[in-house]
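Worksheet: one structure, shown below.
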Amino acid sequence: MNPFQYQRAGSAAEAVALVAQDPAATFIAGGTSEVDLLKEGVHQPSRLVDLAGLPPGTIAPLNGGLRLGASVSNSAAALHPEIRQRYTAVSEALLAGASTQIRNMATMAGNPLQRTRCPYFRDSGQPCNKRTPGSGCAALGGLNRVHAIFGASSSCVATQPSDLAVALAALDAQVQTTGPGGSRTIAFPDLHRLPGDTPHRDTVLEHGELITAIDLPAFTGRSHYLKVRERASYAYALVSCAVALEMDGTRIRRARIALGGVAHKPWRVPAAEALLAGRKPTEKLFLAAAERAFADAKPLEHNGYKVPMGRSLLLRALLETSGLQPLAGPAGTAFAASVGGVAGLVSSPR
Ligand SMILES: Cc1cc2nc3c(=O)[nH]c(=O)nc-3n(C[C@H](O)[C@H](O)[C@H](O)COP(=O)(O)OP(=O)(O)OC[C@H]3O[C@@H](n4cnc5c(N)ncnc54)[C@H](O)[C@@H]3O)c2cc1C
Ligand code: SF4
């Protein structure tokens, strides 16, 4: 581990100032992701500005929705009664990630900002444009089984690993920030960037810009998060999806779908969402939407399996969220009930 300065900020303004004045400084919140990168020598900041001294975050009502402070722990958010009931996908996504111990430390801002799990990024001996701009991309011609099928570039094919980010993208959450240039609101689906030729920049946040809260807008529909991973726990998504449906009687008024494990950011699929609007839920319609959602996928050499797996997962999530074919158990257990055998539970789109 390289030497670095450590400072604990007492306010958001102090945290912003401490990072903004030093181009190689960074924030640390729960530290569950950042400390690994320090130990592996992947990230070598000159200064760590600890956010643990800021006032503790709260979960509070806001305009019919909820405002979640940036430092609220992943456990507190996952188990909050209103989040479980009204924003089920958020609770399920959080509970599908990491372990209880990590979720107790991890924060609402730190989770979506965790960096890619591309194995080459974490191996300092390999070329990686995200870690060392201009050095190349070992995954392009290497083992790219866990990499992107949407929105990748010739500079980087990494995926964004956060489960929470997928649920927040589907629910049109908003990110509140404060930075050297003042405060602003960012629509969650716009927070993460596609790699293009600058994959070292994961998000649109400026250096020193601090997330202060995440807002969940008013939502009266149903939502679910489903994830396929290699083990039943403690593993990142190979493919995941969050579905949010608002009904108008027996018809779908509005559908929102975000896919995870497939791109450099949570991947919204507007064409599939549009296919569902105004229609009555049927398995045939959901098959068509799942087909549409993955129609533009561009698999790499080793990750073609993500396309049929993702289609089946999305179909399962739509059947679950609409109530057409619910999985066993109360809300919040759909993930647990489906993990492992999810692709075989319903007829496959292809
Ligand atoms: C073994 C293991 C398994 C895991 N499995 C999963 C999984 O299956 N799914 C999943 O989603 N996650 C998983 N995680 C990741 C875990 O959820 C993240 O490490 C955690 O959510 C990060 O939160 P943190 O508060 O500890 O962030 P930190 O590690 O402190 O910071 C992460 C990043 O966010 C930045 N940051 C933090 N707070 C702010 C802020 N307020 N404003 C601006 N920038 C900020 C930091 O500078 C840093 O770049 C796993 C982690 C481990 C170690
Ligand atoms: S896919 Fe991105 S993160 Fe992985 S090696 Fe290539 S440049 Fe690095």
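Starting from 1 in every chain, residues are counted up; chains themselves are A, B, ... following the order of the structure tokens, and ligands are numbered from 1 as listed.
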
query: Can you tell me which residues sit at most 7 Å away from ligand 1, counting only C-alpha atoms and all ligand atoms, written as number ranges by chain?
result: A: 26-35, 70-71, 94, 96-99, 102-103, 105-114, 161-164, 209-212, 234-237

How would the residues just picked look written out with N, CA and C atoms as a short mmCIF file (atom, residue, chain, number, x, y, z; two decimals), in the first residue's frame?
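Saved to part-v3.cif:
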```cif
data_model
loop_
_atom_site.label_atom_id
_atom_site.label_comp_id
_atom_site.auth_asym_id
_atom_site.auth_seq_id
_atom_site.Cartn_x
_atom_site.Cartn_y
_atom_site.Cartn_z
N THR A 26 -9.17 11.64 -2.60
CA THR A 26 -10.45 10.97 -2.83
C THR A 26 -11.23 10.84 -1.53
N PHE A 27 -12.55 10.64 -1.68
CA PHE A 27 -13.39 10.40 -0.50
C PHE A 27 -13.32 8.94 -0.11
N ILE A 28 -13.55 8.68 1.18
CA ILE A 28 -13.78 7.30 1.62
C ILE A 28 -15.00 7.33 2.56
N ALA A 29 -15.92 6.39 2.32
CA ALA A 29 -17.14 6.33 3.16
C ALA A 29 -17.05 5.08 4.04
N GLY A 30 -17.74 4.00 3.67
CA GLY A 30 -17.63 2.76 4.45
C GLY A 30 -16.28 2.08 4.25
N GLY A 31 -15.63 2.38 3.15
CA GLY A 31 -14.29 1.84 2.87
C GLY A 31 -14.28 0.41 2.35
N THR A 32 -15.44 -0.21 2.19
CA THR A 32 -15.47 -1.64 1.83
C THR A 32 -14.96 -1.89 0.41
N SER A 33 -15.04 -0.90 -0.43
CA SER A 33 -14.54 -1.04 -1.79
C SER A 33 -13.18 -0.34 -1.91
N GLU A 34 -13.12 0.86 -1.38
CA GLU A 34 -11.92 1.69 -1.53
C GLU A 34 -10.68 1.04 -0.89
N VAL A 35 -10.83 0.44 0.26
CA VAL A 35 -9.66 -0.13 0.95
C VAL A 35 -9.07 -1.29 0.14
N ALA A 70 -26.67 10.18 2.04
CA ALA A 70 -25.59 9.46 1.37
C ALA A 70 -24.93 8.43 2.28
N SER A 71 -24.90 8.71 3.59
CA SER A 71 -24.16 7.81 4.49
C SER A 71 -25.06 6.77 5.16
N LEU A 94 -30.22 -4.49 -2.64
CA LEU A 94 -29.23 -4.37 -1.56
C LEU A 94 -28.99 -5.73 -0.90
N ALA A 96 -29.30 -8.55 -2.16
CA ALA A 96 -28.65 -9.48 -3.09
C ALA A 96 -27.15 -9.23 -3.20
N GLY A 97 -26.65 -8.19 -2.52
CA GLY A 97 -25.25 -7.83 -2.67
C GLY A 97 -24.42 -8.11 -1.43
N ALA A 98 -23.18 -8.51 -1.64
CA ALA A 98 -22.16 -8.63 -0.58
C ALA A 98 -22.62 -9.54 0.56
N SER A 99 -22.31 -9.16 1.80
CA SER A 99 -22.67 -9.95 2.97
C SER A 99 -23.23 -8.99 4.02
N ILE A 102 -20.60 -6.55 5.31
CA ILE A 102 -20.23 -5.49 4.37
C ILE A 102 -21.38 -4.49 4.23
N ARG A 103 -22.60 -5.01 4.18
CA ARG A 103 -23.76 -4.10 4.04
C ARG A 103 -23.90 -3.19 5.26
N MET A 105 -21.49 -1.75 6.79
CA MET A 105 -20.51 -0.67 6.61
C MET A 105 -20.78 0.16 5.35
N ALA A 106 -21.22 -0.51 4.29
CA ALA A 106 -21.35 0.14 2.97
C ALA A 106 -22.46 1.19 3.00
N THR A 107 -22.26 2.25 2.22
CA THR A 107 -23.19 3.38 2.24
C THR A 107 -23.96 3.51 0.93
N MET A 108 -25.04 4.31 0.99
CA MET A 108 -25.87 4.49 -0.21
C MET A 108 -25.13 5.19 -1.33
N ALA A 109 -24.19 6.09 -1.00
CA ALA A 109 -23.42 6.75 -2.06
C ALA A 109 -22.27 5.88 -2.52
N GLY A 110 -21.62 5.19 -1.58
CA GLY A 110 -20.44 4.39 -1.94
C GLY A 110 -20.79 3.20 -2.83
N ASN A 111 -21.96 2.60 -2.61
CA ASN A 111 -22.30 1.39 -3.37
C ASN A 111 -22.37 1.64 -4.88
N PRO A 112 -23.14 2.64 -5.34
CA PRO A 112 -23.18 2.85 -6.81
C PRO A 112 -21.87 3.36 -7.38
N LEU A 113 -20.97 3.87 -6.50
CA LEU A 113 -19.71 4.42 -7.00
C LEU A 113 -18.56 3.40 -6.93
N GLN A 114 -18.85 2.18 -6.49
CA GLN A 114 -17.79 1.16 -6.48
C GLN A 114 -17.32 0.93 -7.91
N PRO A 161 -20.67 -2.87 -11.43
CA PRO A 161 -21.08 -4.04 -10.64
C PRO A 161 -22.18 -3.82 -9.61
N SER A 162 -22.60 -2.59 -9.36
CA SER A 162 -23.52 -2.34 -8.24
C SER A 162 -24.93 -2.87 -8.52
N ASP A 163 -25.45 -3.68 -7.61
CA ASP A 163 -26.85 -4.11 -7.71
C ASP A 163 -27.79 -2.94 -7.45
N LEU A 164 -27.47 -2.18 -6.41
CA LEU A 164 -28.32 -1.04 -6.03
C LEU A 164 -28.51 -0.08 -7.21
N GLU A 209 -16.68 16.44 -6.16
CA GLU A 209 -18.15 16.52 -6.04
C GLU A 209 -18.64 15.39 -5.13
N LEU A 210 -19.37 15.78 -4.12
CA LEU A 210 -19.80 14.85 -3.08
C LEU A 210 -21.29 14.54 -3.24
N ILE A 211 -21.64 13.26 -3.21
CA ILE A 211 -23.07 12.90 -3.17
C ILE A 211 -23.55 13.13 -1.75
N THR A 212 -24.66 13.87 -1.61
CA THR A 212 -25.20 14.15 -0.27
C THR A 212 -26.46 13.32 0.00
N TYR A 234 -22.80 -13.76 -1.96
CA TYR A 234 -21.44 -13.26 -1.97
C TYR A 234 -20.84 -13.30 -3.37
N ALA A 235 -21.62 -12.97 -4.36
CA ALA A 235 -21.11 -12.96 -5.74
C ALA A 235 -21.82 -11.84 -6.52
N TYR A 236 -21.09 -11.27 -7.45
CA TYR A 236 -21.63 -10.19 -8.28
C TYR A 236 -22.54 -10.76 -9.36
N ALA A 237 -23.36 -9.88 -9.94
CA ALA A 237 -24.32 -10.32 -10.97
C ALA A 237 -23.60 -10.67 -12.27
#
```

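Selecting all polymer residues at most 6 Å from ligand 2, using only C-alpha atoms and all ligand atoms, gives Cys118, Tyr120, Phe121, Cys128, Asn129, Lys130, Cys137, Ala138, Ala139, Ser155, Cys156, Val157 and Ala158 of chain A.
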
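When only C-alpha atoms are used to compute distances to A:Thr220, the closest of the residues A:Arg122, A:Arg131, A:Arg86, A:His200 turns out to be A:Arg86.
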
message: I need the residues of stretch 137-280 of chain A that end up classed as helix (DSSP H, G or I) by DSSP on the backbone, written out as a list in words.
response: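 Everything in stretch 137-280 of chain A that counts as helix (DSSP H, G or I) is Asp163, Leu164, Ala165, Val166, Ala167, Leu168, Ala169, Ala170, Phe188, Pro189, Asp190, Pro270, Ala271, Ala272, Glu273, Ala274, Leu275 and Leu276 of chain A.
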
Keeping only N, CA and C atoms, write those residues as a tab-separated table (two decimals), in the first residue's frame.
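Heads up, here's the output in out_39.tsv:
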```tsv
chain	number	residue	atom	x	y	z
A	163	ASP	N	-25.45	-3.68	-7.61
A	163	ASP	CA	-26.85	-4.11	-7.71
A	163	ASP	C	-27.79	-2.94	-7.45
A	164	LEU	N	-27.47	-2.18	-6.41
A	164	LEU	CA	-28.32	-1.04	-6.03
A	164	LEU	C	-28.51	-0.08	-7.21
A	165	ALA	N	-27.43	0.17	-7.95
A	165	ALA	CA	-27.51	1.13	-9.05
A	165	ALA	C	-28.58	0.73	-10.07
A	166	VAL	N	-28.76	-0.56	-10.28
A	166	VAL	CA	-29.73	-1.03	-11.27
A	166	VAL	C	-31.16	-0.70	-10.80
A	167	ALA	N	-31.42	-0.95	-9.52
A	167	ALA	CA	-32.75	-0.64	-8.98
A	167	ALA	C	-33.00	0.87	-8.99
A	168	LEU	N	-31.99	1.65	-8.64
A	168	LEU	CA	-32.17	3.12	-8.62
A	168	LEU	C	-32.41	3.66	-10.02
A	169	ALA	N	-31.77	3.05	-11.02
A	169	ALA	CA	-31.98	3.51	-12.40
A	169	ALA	C	-33.41	3.20	-12.85
A	170	ALA	N	-33.93	2.04	-12.48
A	170	ALA	CA	-35.29	1.67	-12.90
A	170	ALA	C	-36.34	2.53	-12.20
A	188	PHE	N	-30.59	9.64	-11.90
A	188	PHE	CA	-29.72	8.50	-11.67
A	188	PHE	C	-29.26	7.81	-12.96
A	189	PRO	N	-30.16	7.63	-13.94
A	189	PRO	CA	-29.68	6.97	-15.17
A	189	PRO	C	-28.57	7.74	-15.89
A	190	ASP	N	-28.37	9.02	-15.53
A	190	ASP	CA	-27.30	9.81	-16.16
A	190	ASP	C	-26.03	9.86	-15.31
A	270	PRO	N	-35.45	1.60	-23.36
A	270	PRO	CA	-36.67	2.35	-23.64
A	270	PRO	C	-37.58	1.66	-24.66
A	271	ALA	N	-37.02	0.98	-25.64
A	271	ALA	CA	-37.87	0.34	-26.66
A	271	ALA	C	-38.70	-0.77	-26.04
A	272	ALA	N	-38.12	-1.53	-25.13
A	272	ALA	CA	-38.86	-2.60	-24.45
A	272	ALA	C	-39.89	-2.00	-23.50
A	273	GLU	N	-39.54	-0.90	-22.85
A	273	GLU	CA	-40.47	-0.23	-21.94
A	273	GLU	C	-41.69	0.26	-22.73
A	274	ALA	N	-41.42	0.85	-23.92
A	274	ALA	CA	-42.51	1.40	-24.74
A	274	ALA	C	-43.47	0.31	-25.22
A	275	LEU	N	-42.92	-0.87	-25.47
A	275	LEU	CA	-43.73	-2.00	-25.94
A	275	LEU	C	-44.80	-2.38	-24.90
A	276	LEU	N	-44.50	-2.14	-23.64
A	276	LEU	CA	-45.39	-2.57	-22.56
A	276	LEU	C	-46.47	-1.53	-22.22
```

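Counting only C-alpha atoms, the residue from A:Ala255, A:Ala317, A:Asp202, A:Ala173 that sits nearest to A:Thr185 is A:Ala173.
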
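You can rank A:Arg8, A:Arg311, A:Arg222, A:His43 by their closest distance to A:Ile83 using only C-alpha atoms, and at the top of that list sits A:Arg222.
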
- prompt: Given the choices A:Gly53, A:Met1, A:Lys306, A:Tyr6, which gets closest to A:Leu38 if the distance is worked out from only C-alpha atoms?
  reply: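 That would be A:Met1, the residue with the smallest distance to A:Leu38.
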
task: Within 12 Å of A:Ala17, counting only C-alpha atoms, which residues show up once you throw out same-chain ones fewer than 4 positions away? Write them as a list in words, please.
output: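 What passes the distance filter is Gln7, Ala9, Gly10, Ser11, Ala12, Ala13, Gln21, Asp22, Pro23, Ala25, Thr26, Phe27, Val49, Thr178, Gly179, Pro180, Gly181, Gly182, His207, Gly208, Glu209 and Leu210 of chain A.
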
Given the selection you just returned, output its residues as a file containing N, CA and C atoms, formatted as a PDB file, in the first residue's frame.
```
ATOM      1  N   GLN A   7      -7.542  12.395   6.368  1.00  0.00           N
ATOM      2  CA  GLN A   7      -8.196  13.487   7.086  1.00  0.00           C
ATOM      3  C   GLN A   7      -9.680  13.184   7.224  1.00  0.00           C
ATOM      4  N   ALA A   9     -13.270  14.697   7.571  1.00  0.00           N
ATOM      5  CA  ALA A   9     -13.988  15.965   7.396  1.00  0.00           C
ATOM      6  C   ALA A   9     -15.125  16.060   8.406  1.00  0.00           C
ATOM      7  N   GLY A  10     -15.413  17.299   8.864  1.00  0.00           N
ATOM      8  CA  GLY A  10     -16.501  17.500   9.835  1.00  0.00           C
ATOM      9  C   GLY A  10     -17.775  17.998   9.181  1.00  0.00           C
ATOM     10  N   SER A  11     -17.680  18.376   7.916  1.00  0.00           N
ATOM     11  CA  SER A  11     -18.875  18.870   7.213  1.00  0.00           C
ATOM     12  C   SER A  11     -18.716  18.556   5.722  1.00  0.00           C
ATOM     13  N   ALA A  12     -19.843  18.636   5.009  1.00  0.00           N
ATOM     14  CA  ALA A  12     -19.790  18.384   3.559  1.00  0.00           C
ATOM     15  C   ALA A  12     -18.892  19.411   2.875  1.00  0.00           C
ATOM     16  N   ALA A  13     -19.013  20.674   3.295  1.00  0.00           N
ATOM     17  CA  ALA A  13     -18.214  21.729   2.665  1.00  0.00           C
ATOM     18  C   ALA A  13     -16.722  21.469   2.869  1.00  0.00           C
ATOM     19  N   GLN A  21      -9.052  20.550  -3.604  1.00  0.00           N
ATOM     20  CA  GLN A  21      -7.753  21.257  -3.682  1.00  0.00           C
ATOM     21  C   GLN A  21      -6.592  20.326  -4.038  1.00  0.00           C
ATOM     22  N   ASP A  22      -6.849  19.018  -4.086  1.00  0.00           N
ATOM     23  CA  ASP A  22      -5.769  18.066  -4.365  1.00  0.00           C
ATOM     24  C   ASP A  22      -6.247  17.088  -5.457  1.00  0.00           C
ATOM     25  N   PRO A  23      -5.689  17.171  -6.659  1.00  0.00           N
ATOM     26  CA  PRO A  23      -6.185  16.351  -7.774  1.00  0.00           C
ATOM     27  C   PRO A  23      -6.076  14.848  -7.515  1.00  0.00           C
ATOM     28  N   ALA A  25      -6.597  13.437  -4.450  1.00  0.00           N
ATOM     29  CA  ALA A  25      -7.315  13.080  -3.217  1.00  0.00           C
ATOM     30  C   ALA A  25      -8.621  12.381  -3.568  1.00  0.00           C
ATOM     31  N   THR A  26      -9.169  11.641  -2.596  1.00  0.00           N
ATOM     32  CA  THR A  26     -10.449  10.967  -2.832  1.00  0.00           C
ATOM     33  C   THR A  26     -11.227  10.842  -1.533  1.00  0.00           C
ATOM     34  N   PHE A  27     -12.547  10.643  -1.675  1.00  0.00           N
ATOM     35  CA  PHE A  27     -13.392  10.402  -0.497  1.00  0.00           C
ATOM     36  C   PHE A  27     -13.320   8.938  -0.105  1.00  0.00           C
ATOM     37  N   VAL A  49     -10.074  11.435   2.285  1.00  0.00           N
ATOM     38  CA  VAL A  49     -10.933  12.302   3.094  1.00  0.00           C
ATOM     39  C   VAL A  49     -12.118  11.464   3.561  1.00  0.00           C
ATOM     40  N   THR A 178     -23.046  18.083  -3.893  1.00  0.00           N
ATOM     41  CA  THR A 178     -22.480  19.411  -3.678  1.00  0.00           C
ATOM     42  C   THR A 178     -21.005  19.329  -4.053  1.00  0.00           C
ATOM     43  N   GLY A 179     -20.539  20.342  -4.742  1.00  0.00           N
ATOM     44  CA  GLY A 179     -19.151  20.281  -5.217  1.00  0.00           C
ATOM     45  C   GLY A 179     -18.542  21.661  -5.298  1.00  0.00           C
ATOM     46  N   PRO A 180     -17.333  21.748  -5.856  1.00  0.00           N
ATOM     47  CA  PRO A 180     -16.668  23.044  -5.949  1.00  0.00           C
ATOM     48  C   PRO A 180     -17.493  24.048  -6.751  1.00  0.00           C
ATOM     49  N   GLY A 181     -18.305  23.548  -7.691  1.00  0.00           N
ATOM     50  CA  GLY A 181     -19.120  24.459  -8.514  1.00  0.00           C
ATOM     51  C   GLY A 181     -20.523  24.663  -7.965  1.00  0.00           C
ATOM     52  N   GLY A 182     -20.825  24.202  -6.765  1.00  0.00           N
ATOM     53  CA  GLY A 182     -22.163  24.347  -6.189  1.00  0.00           C
ATOM     54  C   GLY A 182     -22.900  23.022  -6.129  1.00  0.00           C
ATOM     55  N   HIS A 207     -14.310  16.135 -10.045  1.00  0.00           N
ATOM     56  CA  HIS A 207     -13.400  15.868  -8.929  1.00  0.00           C
ATOM     57  C   HIS A 207     -13.819  16.731  -7.718  1.00  0.00           C
ATOM     58  N   GLY A 208     -14.002  16.099  -6.588  1.00  0.00           N
ATOM     59  CA  GLY A 208     -14.403  16.828  -5.374  1.00  0.00           C
ATOM     60  C   GLY A 208     -15.904  16.952  -5.210  1.00  0.00           C
ATOM     61  N   GLU A 209     -16.678  16.436  -6.159  1.00  0.00           N
ATOM     62  CA  GLU A 209     -18.145  16.519  -6.039  1.00  0.00           C
ATOM     63  C   GLU A 209     -18.636  15.392  -5.134  1.00  0.00           C
ATOM     64  N   LEU A 210     -19.369  15.780  -4.123  1.00  0.00           N
ATOM     65  CA  LEU A 210     -19.802  14.848  -3.082  1.00  0.00           C
ATOM     66  C   LEU A 210     -21.289  14.536  -3.244  1.00  0.00           C
TER      67      LEU A 210
END
```

task: Using DSSP on the backbone coordinates, identify all residues within stretch 126-317 of chain A classified as strand (DSSP E); present the result as number ranges by chain.
output: A: 174-179, 182-187, 210-216, 222-228, 239-248, 251-260, 267-268

- request: Extract, using only C-alpha atoms, all DNA, RNA and protein residues at most 8 Å from A:Arg193, discarding same-chain residues fewer than 4 positions from it, and format them as number ranges by chain.
  value: A: 201-204, 264-265

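Interatomic distance, atom CA of A:Thr88 to atom CA of A:Leu68: 14.9 Å.
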
message: For a quick check of understanding, using only C-alpha atoms, which of A:Glu230, A:Asn303, A:His147, A:Glu82 has the smallest distance to A:Pro61?
response: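 Residue with the minimum atom-to-atom distance to A:Pro61: A:Glu82.
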
message: Show me, as a list in words, the residues that have an atom within 10 Å of A:Tyr87 when counting only C-alpha atoms, minus same-chain residues fewer than 5 positions from it.
response: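 Selected residues are Gly65, Leu66, Ala78, His80, Pro81, Glu82, Glu92, Ala167, Leu168, Leu171, Leu216, Pro217, Ala218, Phe219, Thr220, Gly221, Arg222, Ser223, His224 and Ala244 of chain A.
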